[in-house]
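The data block below is work_21.cif; it holds mmCIF, C-alpha atoms and all ligand atoms.
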data_my_file
loop_
_atom_site.group_PDB
_atom_site.id
_atom_site.type_symbol
_atom_site.label_atom_id
_atom_site.label_comp_id
_atom_site.auth_asym_id
_atom_site.auth_seq_id
_atom_site.Cartn_x
_atom_site.Cartn_y
_atom_site.Cartn_z
ATOM 1 C CA MET A 15 -10.467 -166.061 -152.017
ATOM 2 C CA THR A 16 -12.446 -164.879 -148.965
ATOM 3 C CA THR A 17 -16.271 -164.772 -148.966
ATOM 4 C CA PRO A 18 -17.600 -161.167 -149.128
ATOM 5 C CA ALA A 19 -19.082 -160.031 -145.773
ATOM 6 C CA ALA A 20 -22.565 -159.888 -147.325
ATOM 7 C CA PHE A 21 -22.565 -163.648 -147.902
ATOM 8 C CA GLN A 22 -20.946 -164.761 -144.663
ATOM 9 C CA PRO A 23 -22.956 -166.735 -142.120
ATOM 10 C CA LEU A 24 -23.878 -164.988 -138.889
ATOM 11 C CA THR A 25 -21.289 -165.974 -136.286
ATOM 12 C CA ALA A 26 -20.686 -164.670 -132.770
ATOM 13 C CA GLN A 27 -17.255 -163.537 -133.918
ATOM 14 C CA ASN A 28 -18.549 -161.538 -136.930
ATOM 15 C CA ILE A 29 -21.255 -159.909 -134.833
ATOM 16 C CA GLN A 30 -19.063 -159.079 -131.850
ATOM 17 C CA ARG A 31 -16.377 -157.642 -134.097
ATOM 18 C CA ALA A 32 -18.956 -155.196 -135.476
ATOM 19 C CA LEU A 33 -20.525 -154.279 -132.090
ATOM 20 C CA SER A 34 -20.070 -150.862 -130.515
ATOM 21 C CA THR A 35 -22.746 -151.137 -127.825
ATOM 22 C CA ARG A 36 -22.170 -150.966 -124.088
ATOM 23 C CA THR A 37 -24.446 -153.897 -123.192
ATOM 24 C CA PHE A 38 -26.723 -155.012 -126.031
ATOM 25 C CA GLY A 39 -25.405 -158.110 -127.784
ATOM 26 C CA ARG A 40 -22.428 -158.501 -125.436
ATOM 27 C CA THR A 41 -24.137 -161.701 -124.238
ATOM 28 C CA LEU A 42 -25.083 -163.523 -127.385
ATOM 29 C CA HIS A 43 -26.452 -166.837 -128.622
ATOM 30 C CA VAL A 44 -26.084 -167.518 -132.343
ATOM 31 C CA LEU A 45 -28.138 -170.503 -133.472
ATOM 32 C CA ALA A 46 -28.357 -172.302 -136.799
ATOM 33 C CA GLU A 47 -32.052 -173.115 -136.470
ATOM 34 C CA VAL A 48 -34.647 -172.436 -133.803
ATOM 35 C CA PRO A 49 -38.468 -172.508 -133.709
ATOM 36 C CA SER A 50 -38.533 -168.794 -132.783
ATOM 37 C CA THR A 51 -35.797 -166.521 -131.413
ATOM 38 C CA ASN A 52 -38.462 -164.885 -129.194
ATOM 39 C CA THR A 53 -39.311 -168.235 -127.609
ATOM 40 C CA ALA A 54 -35.609 -169.048 -127.191
ATOM 41 C CA ALA A 55 -34.941 -165.638 -125.597
ATOM 42 C CA ALA A 56 -37.890 -166.013 -123.210
ATOM 43 C CA ALA A 57 -36.596 -169.441 -122.135
ATOM 44 C CA TRP A 58 -33.108 -167.996 -121.673
ATOM 45 C CA ALA A 59 -34.601 -165.194 -119.540
ATOM 46 C CA GLN A 60 -35.903 -167.891 -117.166
ATOM 47 C CA GLU A 61 -32.281 -168.988 -116.781
ATOM 48 C CA GLN A 62 -31.241 -165.453 -115.767
ATOM 49 C CA ALA A 63 -29.919 -164.183 -119.119
ATOM 50 C CA PRO A 64 -28.915 -160.545 -118.499
ATOM 51 C CA HIS A 65 -30.338 -157.272 -119.791
ATOM 52 C CA GLY A 66 -29.300 -156.790 -123.434
ATOM 53 C CA ALA A 67 -28.756 -160.508 -124.120
ATOM 54 C CA VAL A 68 -29.471 -161.363 -127.763
ATOM 55 C CA VAL A 69 -30.559 -164.516 -129.567
ATOM 56 C CA VAL A 70 -29.992 -164.593 -133.316
ATOM 57 C CA ALA A 71 -30.713 -167.452 -135.716
ATOM 58 C CA GLU A 72 -30.036 -168.240 -139.363
ATOM 59 C CA CYS A 73 -33.469 -169.825 -139.669
ATOM 60 C CA GLN A 74 -36.746 -170.086 -137.733
ATOM 61 C CA THR A 75 -39.034 -173.064 -138.151
ATOM 62 C CA ALA A 76 -41.954 -171.401 -136.331
ATOM 63 C CA GLY A 77 -41.261 -167.674 -136.647
ATOM 64 C CA ARG A 78 -44.082 -165.650 -135.122
ATOM 65 C CA GLY A 79 -45.538 -162.314 -136.210
ATOM 66 C CA ARG A 80 -47.952 -159.911 -134.537
ATOM 67 C CA LEU A 81 -51.588 -160.896 -134.043
ATOM 68 C CA GLY A 82 -50.780 -164.619 -134.159
ATOM 69 C CA ARG A 83 -49.410 -164.523 -137.696
ATOM 70 C CA HIS A 84 -46.596 -166.654 -139.114
ATOM 71 C CA TRP A 85 -43.264 -164.959 -139.960
ATOM 72 C CA HIS A 86 -41.600 -166.272 -143.126
ATOM 73 C CA SER A 87 -38.075 -167.219 -141.936
ATOM 74 C CA PRO A 88 -36.015 -168.993 -144.603
ATOM 75 C CA SER A 89 -32.401 -169.867 -143.900
ATOM 76 C CA GLY A 90 -29.264 -167.870 -144.504
ATOM 77 C CA ASN A 91 -30.308 -164.528 -145.911
ATOM 78 C CA ASN A 92 -32.355 -162.544 -143.383
ATOM 79 C CA LEU A 93 -32.105 -161.277 -139.836
ATOM 80 C CA TYR A 94 -34.092 -162.906 -137.022
ATOM 81 C CA CYS A 95 -33.105 -161.714 -133.568
ATOM 82 C CA SER A 96 -34.514 -161.120 -130.100
ATOM 83 C CA VAL A 97 -33.199 -158.741 -127.451
ATOM 84 C CA LEU A 98 -33.950 -159.113 -123.734
ATOM 85 C CA LEU A 99 -34.830 -155.953 -121.821
ATOM 86 C CA ARG A 100 -34.771 -156.068 -118.035
ATOM 87 C CA THR A 101 -34.111 -152.454 -117.094
ATOM 88 C CA MET A 102 -37.319 -150.779 -115.961
ATOM 89 C CA PRO A 103 -38.170 -147.190 -115.059
ATOM 90 C CA ALA A 104 -39.905 -146.275 -111.769
ATOM 91 C CA ARG A 105 -43.231 -148.078 -111.289
ATOM 92 C CA GLU A 106 -45.418 -145.120 -112.349
ATOM 93 C CA GLN A 107 -43.484 -144.830 -115.640
ATOM 94 C CA GLN A 108 -43.765 -148.529 -116.519
ATOM 95 C CA PRO A 109 -47.047 -148.441 -118.504
ATOM 96 C CA LEU A 110 -45.550 -145.719 -120.737
ATOM 97 C CA TRP A 111 -42.325 -147.709 -121.142
ATOM 98 C CA PHE A 112 -44.181 -150.886 -122.148
ATOM 99 C CA SER A 113 -46.264 -149.012 -124.709
ATOM 100 C CA TRP A 114 -43.260 -147.264 -126.242
ATOM 101 C CA ILE A 115 -40.835 -150.212 -126.516
ATOM 102 C CA PRO A 116 -42.373 -151.501 -129.803
ATOM 103 C CA LEU A 117 -42.321 -147.992 -131.264
ATOM 104 C CA LEU A 118 -38.759 -147.169 -130.276
ATOM 105 C CA ALA A 119 -37.654 -150.584 -131.560
ATOM 106 C CA ALA A 120 -39.186 -149.653 -134.938
ATOM 107 C CA LEU A 121 -37.190 -146.410 -134.900
ATOM 108 C CA ALA A 122 -33.993 -148.344 -134.168
ATOM 109 C CA VAL A 123 -34.634 -150.713 -137.092
ATOM 110 C CA THR A 124 -35.440 -147.932 -139.585
ATOM 111 C CA ARG A 125 -32.347 -145.975 -138.551
ATOM 112 C CA ALA A 126 -30.097 -149.072 -138.812
ATOM 113 C CA VAL A 127 -31.469 -149.826 -142.282
ATOM 114 C CA GLN A 128 -30.789 -146.232 -143.286
ATOM 115 C CA VAL A 129 -27.220 -146.264 -141.932
ATOM 116 C CA VAL A 130 -26.252 -149.654 -143.367
ATOM 117 C CA GLY A 131 -28.506 -149.878 -146.424
ATOM 118 C CA GLY A 132 -28.777 -146.243 -147.498
ATOM 119 C CA LEU A 133 -32.587 -146.571 -147.716
ATOM 120 C CA LYS A 134 -35.110 -144.454 -145.836
ATOM 121 C CA PRO A 135 -37.803 -146.802 -144.546
ATOM 122 C CA SER A 136 -40.900 -145.556 -142.779
ATOM 123 C CA VAL A 137 -42.888 -147.006 -139.894
ATOM 124 C CA LYS A 138 -46.504 -148.047 -140.309
ATOM 125 C CA TRP A 139 -48.031 -147.699 -136.856
ATOM 126 C CA PRO A 140 -47.195 -149.331 -134.555
ATOM 127 C CA ASN A 141 -44.064 -151.054 -135.838
ATOM 128 C CA ASP A 142 -44.135 -152.343 -139.405
ATOM 129 C CA ILE A 143 -41.005 -151.336 -141.308
ATOM 130 C CA LEU A 144 -41.944 -150.262 -144.833
ATOM 131 C CA VAL A 145 -40.099 -149.263 -147.975
ATOM 132 C CA GLY A 146 -42.737 -147.540 -150.071
ATOM 133 C CA ASP A 147 -45.820 -149.650 -149.349
ATOM 134 C CA ARG A 148 -43.958 -152.942 -148.979
ATOM 135 C CA LYS A 149 -42.970 -154.560 -145.728
ATOM 136 C CA LEU A 150 -39.237 -154.897 -145.082
ATOM 137 C CA GLY A 151 -39.401 -155.972 -141.469
ATOM 138 C CA GLY A 152 -41.488 -156.352 -138.349
ATOM 139 C CA ILE A 153 -41.252 -156.366 -134.580
ATOM 140 C CA LEU A 154 -42.878 -158.621 -132.021
ATOM 141 C CA CYS A 155 -42.538 -157.548 -128.380
ATOM 142 C CA GLU A 156 -43.539 -160.015 -125.680
ATOM 143 C CA SER A 157 -43.366 -159.447 -121.939
ATOM 144 C CA SER A 158 -43.590 -161.530 -118.806
ATOM 145 C CA GLY A 159 -43.587 -160.827 -115.085
ATOM 146 C CA VAL A 160 -45.011 -157.329 -115.620
ATOM 147 C CA GLY A 161 -45.606 -155.642 -112.254
ATOM 148 C CA THR A 162 -42.979 -157.783 -110.494
ATOM 149 C CA ALA A 163 -39.276 -157.206 -109.888
ATOM 150 C CA HIS A 164 -38.541 -159.777 -112.615
ATOM 151 C CA ALA A 165 -40.310 -158.114 -115.516
ATOM 152 C CA VAL A 166 -38.706 -158.879 -118.849
ATOM 153 C CA VAL A 167 -39.519 -157.789 -122.390
ATOM 154 C CA VAL A 168 -38.366 -159.714 -125.454
ATOM 155 C CA VAL A 169 -38.004 -157.476 -128.504
ATOM 156 C CA GLY A 170 -38.079 -159.710 -131.595
ATOM 157 C CA VAL A 171 -36.983 -158.225 -134.901
ATOM 158 C CA GLY A 172 -37.237 -159.748 -138.352
ATOM 159 C CA VAL A 173 -35.721 -157.948 -141.367
ATOM 160 C CA ASN A 174 -35.626 -159.260 -144.928
ATOM 161 C CA VAL A 175 -32.029 -158.591 -145.915
ATOM 162 C CA ASN A 176 -30.623 -160.615 -148.824
ATOM 163 C CA LEU A 177 -33.845 -162.310 -149.882
ATOM 164 C CA ARG A 178 -34.460 -162.374 -153.652
ATOM 165 C CA GLU A 179 -37.889 -161.618 -155.140
ATOM 166 C CA ASP A 180 -38.226 -165.220 -156.391
ATOM 167 C CA GLU A 181 -37.627 -166.514 -152.843
ATOM 168 C CA LEU A 182 -40.753 -164.762 -151.544
ATOM 169 C CA PRO A 183 -43.854 -166.948 -151.391
ATOM 170 C CA ASP A 184 -46.549 -165.916 -153.920
ATOM 171 C CA GLU A 185 -48.807 -164.405 -151.270
ATOM 172 C CA LEU A 186 -45.997 -162.159 -149.927
ATOM 173 C CA ARG A 187 -44.512 -161.063 -153.281
ATOM 174 C CA PRO A 188 -46.830 -158.043 -153.804
ATOM 175 C CA ILE A 189 -46.562 -156.816 -150.212
ATOM 176 C CA ALA A 190 -43.053 -157.690 -148.958
ATOM 177 C CA THR A 191 -39.568 -156.616 -149.921
ATOM 178 C CA SER A 192 -35.942 -156.957 -148.817
ATOM 179 C CA LEU A 193 -32.917 -154.701 -148.601
ATOM 180 C CA MET A 194 -31.385 -156.476 -151.577
ATOM 181 C CA ILE A 195 -34.539 -156.134 -153.697
ATOM 182 C CA GLU A 196 -34.651 -152.395 -152.954
ATOM 183 C CA ALA A 197 -30.941 -151.526 -153.164
ATOM 184 C CA ARG A 198 -29.918 -154.142 -155.760
ATOM 185 C CA GLN A 199 -26.970 -155.261 -153.692
ATOM 186 C CA PRO A 200 -26.448 -157.681 -150.792
ATOM 187 C CA PHE A 201 -25.730 -156.506 -147.235
ATOM 188 C CA ASP A 202 -23.603 -157.678 -144.337
ATOM 189 C CA ARG A 203 -26.111 -158.988 -141.781
ATOM 190 C CA ALA A 204 -23.619 -158.842 -138.894
ATOM 191 C CA ALA A 205 -23.083 -155.109 -139.547
ATOM 192 C CA LEU A 206 -26.838 -154.557 -139.743
ATOM 193 C CA LEU A 207 -27.433 -156.390 -136.462
ATOM 194 C CA ALA A 208 -24.613 -154.517 -134.687
ATOM 195 C CA THR A 209 -25.986 -151.166 -135.889
ATOM 196 C CA LEU A 210 -29.520 -152.125 -134.919
ATOM 197 C CA LEU A 211 -28.381 -153.057 -131.405
ATOM 198 C CA LEU A 212 -26.563 -149.730 -131.020
ATOM 199 C CA GLU A 213 -29.598 -147.760 -132.233
ATOM 200 C CA LEU A 214 -31.877 -149.730 -129.897
ATOM 201 C CA GLU A 215 -29.589 -149.314 -126.890
ATOM 202 C CA THR A 216 -29.311 -145.557 -127.521
ATOM 203 C CA ARG A 217 -33.077 -145.099 -127.716
ATOM 204 C CA CYS A 218 -33.769 -147.275 -124.647
ATOM 205 C CA ASP A 219 -31.204 -145.233 -122.672
ATOM 206 C CA SER A 220 -32.749 -142.006 -123.906
ATOM 207 C CA PHE A 221 -36.303 -143.023 -122.998
ATOM 208 C CA LEU A 222 -35.271 -144.377 -119.589
ATOM 209 C CA ALA A 223 -33.452 -141.091 -118.919
ATOM 210 C CA GLY A 224 -36.800 -139.323 -119.444
ATOM 211 C CA ARG A 225 -36.112 -137.930 -122.928
ATOM 212 C CA HIS A 226 -39.526 -139.061 -124.200
ATOM 213 C CA GLY A 227 -39.889 -135.959 -126.354
ATOM 214 C CA ASP A 228 -36.916 -136.917 -128.549
ATOM 215 C CA ILE A 229 -38.387 -140.360 -129.263
ATOM 216 C CA PHE A 230 -41.849 -138.901 -129.840
ATOM 217 C CA GLU A 231 -40.527 -136.375 -132.368
ATOM 218 C CA GLU A 232 -38.462 -138.986 -134.184
ATOM 219 C CA TYR A 233 -41.490 -141.282 -134.364
ATOM 220 C CA MET A 234 -43.722 -138.535 -135.784
ATOM 221 C CA LEU A 235 -41.122 -137.888 -138.504
ATOM 222 C CA ARG A 236 -40.747 -141.584 -139.400
ATOM 223 C CA CYS A 237 -44.377 -142.654 -139.219
ATOM 224 C CA SER A 238 -45.989 -142.842 -142.661
ATOM 225 C CA THR A 239 -49.418 -143.539 -141.101
ATOM 226 C CA ILE A 240 -49.912 -139.966 -139.860
ATOM 227 C CA GLY A 241 -52.119 -137.943 -142.192
ATOM 228 C CA ARG A 242 -53.306 -141.007 -144.129
ATOM 229 C CA ARG A 243 -56.720 -142.516 -144.569
ATOM 230 C CA VAL A 244 -56.604 -145.804 -142.746
ATOM 231 C CA ARG A 245 -58.632 -148.860 -141.955
ATOM 232 C CA ILE A 246 -58.095 -150.265 -138.464
ATOM 233 C CA GLU A 247 -58.695 -153.990 -138.178
ATOM 234 C CA LEU A 248 -59.689 -154.588 -134.599
ATOM 235 C CA ALA A 249 -60.217 -157.825 -132.692
ATOM 236 C CA HIS A 250 -63.204 -160.056 -133.628
ATOM 237 C CA GLY A 251 -63.132 -158.954 -137.302
ATOM 238 C CA GLU A 252 -64.360 -155.405 -136.537
ATOM 239 C CA GLN A 253 -63.117 -152.568 -138.738
ATOM 240 C CA MET A 254 -62.984 -148.818 -138.461
ATOM 241 C CA ASP A 255 -62.089 -146.277 -141.179
ATOM 242 C CA GLY A 256 -60.803 -142.769 -140.633
ATOM 243 C CA THR A 257 -57.813 -140.468 -140.917
ATOM 244 C CA ALA A 258 -54.754 -141.013 -138.711
ATOM 245 C CA GLU A 259 -54.277 -137.665 -137.012
ATOM 246 C CA SER A 260 -51.381 -138.118 -134.582
ATOM 247 C CA ILE A 261 -49.643 -140.277 -132.014
ATOM 248 C CA GLN A 262 -50.677 -139.732 -128.410
ATOM 249 C CA ALA A 263 -48.235 -139.486 -125.501
ATOM 250 C CA ASP A 264 -48.975 -143.137 -124.629
ATOM 251 C CA GLY A 265 -48.073 -144.297 -128.166
ATOM 252 C CA SER A 266 -51.660 -144.871 -129.261
ATOM 253 C CA LEU A 267 -52.850 -143.759 -132.708
ATOM 254 C CA ARG A 268 -55.492 -141.009 -132.848
ATOM 255 C CA ILE A 269 -58.070 -141.557 -135.587
ATOM 256 C CA ILE A 270 -60.628 -139.009 -136.742
ATOM 257 C CA ARG A 271 -63.582 -140.967 -138.093
ATOM 258 C CA GLU A 272 -65.782 -139.851 -140.975
ATOM 259 C CA ASP A 273 -68.426 -138.628 -138.496
ATOM 260 C CA ARG A 274 -65.655 -136.495 -136.834
ATOM 261 C CA THR A 275 -65.541 -138.629 -133.675
ATOM 262 C CA ILE A 276 -62.076 -139.199 -132.224
ATOM 263 C CA VAL A 277 -60.801 -142.675 -131.301
ATOM 264 C CA ASP A 278 -57.419 -143.504 -129.784
ATOM 265 C CA VAL A 279 -56.351 -146.983 -130.921
ATOM 266 C CA ARG A 280 -53.971 -148.919 -128.692
ATOM 267 C CA THR A 281 -53.785 -152.226 -130.572
ATOM 268 C CA GLY A 282 -54.879 -153.302 -134.000
ATOM 269 C CA ASP A 283 -53.692 -153.703 -137.534
ATOM 270 C CA VAL A 284 -53.556 -150.649 -139.757
ATOM 271 C CA VAL A 285 -54.184 -150.713 -143.494
ATOM 272 C CA HIS A 286 -53.044 -147.609 -145.380
ATOM 273 C CA LEU A 287 -55.907 -146.737 -147.769
ATOM 274 C CA ARG A 288 -55.330 -144.960 -151.085
HETATM 275 C C1 LIG B 301 -44.776 -158.717 -137.479
HETATM 276 O O1 LIG B 301 -44.591 -157.763 -138.234
HETATM 277 O O2 LIG B 301 -45.808 -159.384 -137.514
HETATM 278 C C2 LIG B 301 -43.712 -159.047 -136.470
HETATM 279 C C3 LIG B 301 -42.686 -159.991 -137.005
HETATM 280 C C4 LIG B 301 -41.593 -160.314 -136.015
HETATM 281 C C5 LIG B 301 -40.678 -161.396 -136.514
HETATM 282 C C6 LIG B 301 -39.490 -161.589 -135.615
HETATM 283 S S1 LIG B 301 -38.266 -162.630 -136.345
HETATM 284 C C7 LIG B 301 -37.418 -162.716 -134.834
HETATM 285 C C8 LIG B 301 -38.458 -162.830 -133.742
HETATM 286 N N1 LIG B 301 -38.839 -164.210 -133.538
HETATM 287 C C9 LIG B 301 -40.098 -164.442 -133.885
HETATM 288 O O3 LIG B 301 -40.669 -165.546 -133.833
HETATM 289 N N2 LIG B 301 -40.677 -163.319 -134.313
HETATM 290 C C10 LIG B 301 -39.764 -162.202 -134.254
#
Represent the supplied structure as structure tokens.
Amino acid sequence: MTTPAAFQPLTAQNIQRALSTRTFGRTLHVLAEVPSTNTAAAAWAQEQAPHGAVVVAECQTAGRGRLGRHWHSPSGNNLYCSVLLRTMPAREQQPLWFSWIPLLAALAVTRAVQVVGGLKPSVKWPNDILVGDRKLGGILCESSGVGTAHAVVVVGVGVNVNLREDELPDELRPIATSLMIEARQPFDRAALLATLLLELETRCDSFLAGRHGDIFEEYMLRCSTIGRRVRIELAHGEQMDGTAESIQADGSLRIIREDRTIVDVRTGDVVHLR
């Protein structure tokens, strides 16, 4: 008897069979265990890995989240991958491109989860992937060589796929979820990765071709932060409460504070308040 696709290990063959991208994932490293796929991809970039190269691992021993957090990365049932982006727009467009990469990556992940998993996740600004109020996945973008001809961005994506509720650590159980917990069935991780890479490639192409409006509109529709009362946790333990009003052209989040002052937040952690 053959193992159902949902329970098969991630192999280069399974992934490449499912791929329909032009470039993304065509150069691929599949690893059993790695400290962090983002670190591995950044090291590979130093050795001239091409645009669209992907590192994927069954397990991370030092998975990293945003704002210096740890990313829970047990073996065999989730998706941990990093995509290298080298293509850059003209110099004057680069700040906009760097600010939008994390947001368009979140759109690619939500769309891939919808196509493969039949769920409709939302995005908590800037790039947390939520089902209801629980976190299904996250994105960590890291860049180097910005402003030079060798600029590279690593887009790291973690999605909880076939993780069971009892496999979540106690502190994550109330706030995290997986595709299997939500849909009550396991999913083929190679198909999810291939779809994610196609959705990411399409959106990168679209943005680089100047179709910013399409991405902006899609983000506004997907973002569950807009219209909500939020707490922004800023650096140095500072906090700010208000209502999330909209996304600005540069990807920042516009907050209207209780005293009606307007603040555009570029980085920070958002808590959706009740
Ligand atoms: C977050 O929501 O805090 C971002 C989580 C990003 C996790 C992914 S898993 C693959 C890649 N490698 C890492 O070390 N982190 C990202």
Test item: residues no farther than 9 Å from ligand LIG 301 (chain B), counting only C-alpha atoms and all ligand atoms, as a PyMOL selection string: chain A and resi 49-55+69-71+74-87+93-96+141-143+149+151-155+168-173
Box in all listed atoms of region 142-151 of chain A, axis-aligned, with 8 Å more on each side; write out centre and edge lengths in Å to one decimal as AutoDock Vina command-line options.
--center_x -42.5 --center_y -151.8 --center_z -144.7 --size_x 22.6 --size_y 24.4 --size_z 26.7
Considering all atoms listed in the file, give me a table of residues in region 91-127 of chain A that are at most 9 Å from region 198-222 of chain A, with the closest atom pair and distance in Å for each, as a Markdown table.
| residue | atom | partner | partner_atom | distance |
| --- | --- | --- | --- | --- |
| A:Asn91 | CA | A:Arg203 | CA | 8.1 |
| A:Asn92 | CA | A:Arg203 | CA | 7.4 |
| A:Leu93 | CA | A:Arg203 | CA | 6.7 |
| A:Cys95 | CA | A:Leu207 | CA | 8.3 |
| A:Val97 | CA | A:Leu211 | CA | 8.4 |
| A:Thr101 | CA | A:Leu222 | CA | 8.5 |
| A:Met102 | CA | A:Leu222 | CA | 7.6 |
| A:Pro103 | CA | A:Leu222 | CA | 6.1 |
| A:Trp111 | CA | A:Phe221 | CA | 7.9 |
| A:Trp114 | CA | A:Phe221 | CA | 8.8 |
| A:Ile115 | CA | A:Cys218 | CA | 7.9 |
| A:Leu118 | CA | A:Arg217 | CA | 6.6 |
| A:Ala119 | CA | A:Leu214 | CA | 6.1 |
| A:Ala120 | CA | A:Leu214 | CA | 8.9 |
| A:Leu121 | CA | A:Leu214 | CA | 8.0 |
| A:Ala122 | CA | A:Glu213 | CA | 4.8 |
| A:Val123 | CA | A:Leu210 | CA | 5.7 |
| A:Thr124 | CA | A:Leu210 | CA | 8.6 |
| A:Arg125 | CA | A:Glu213 | CA | 7.1 |
| A:Ala126 | CA | A:Leu210 | CA | 5.0 |
| A:Val127 | CA | A:Leu206 | CA | 7.1 |
Top pick for closest residue to Ser158 (chain A), considering A:Gly66, A:Val285, A:Leu98, A:Val277 and counting only C-alpha atoms: A:Leu98
Best match for closeness to Arg274 (chain A) among A:Ala32, A:Ala104, A:Ala163, A:Ala258, counting all atoms listed in the file: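 Selected residue with least distance to Arg274 (chain A): A:Ala258.
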Between CA of Gly227 (chain A) and CA of Val145 (chain A), distance in Å (one decimal):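 Calculated distance between CA of Gly227 (chain A) and CA of Val145 (chain A) is 25.4 Å.
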Residue nearest Leu235 (chain A) among A:Pro18, A:Gly90, A:Gly39, A:Pro135 (counting all atoms listed in the file): A:Pro135
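Residue nearest Arg36 (chain A) within the list A:Ile269, A:Ala67, A:Val279, A:Ala20: A:Ala67 [criterion: smallest interatomic distance, all atoms listed in the file].
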Answer key for the PyMOL selection byres (((chain A and resi 166) around 7) and not hetatm), residues as an NGL selection string: :A and (98-100 or 157-159 or 164-165 or 167-168)
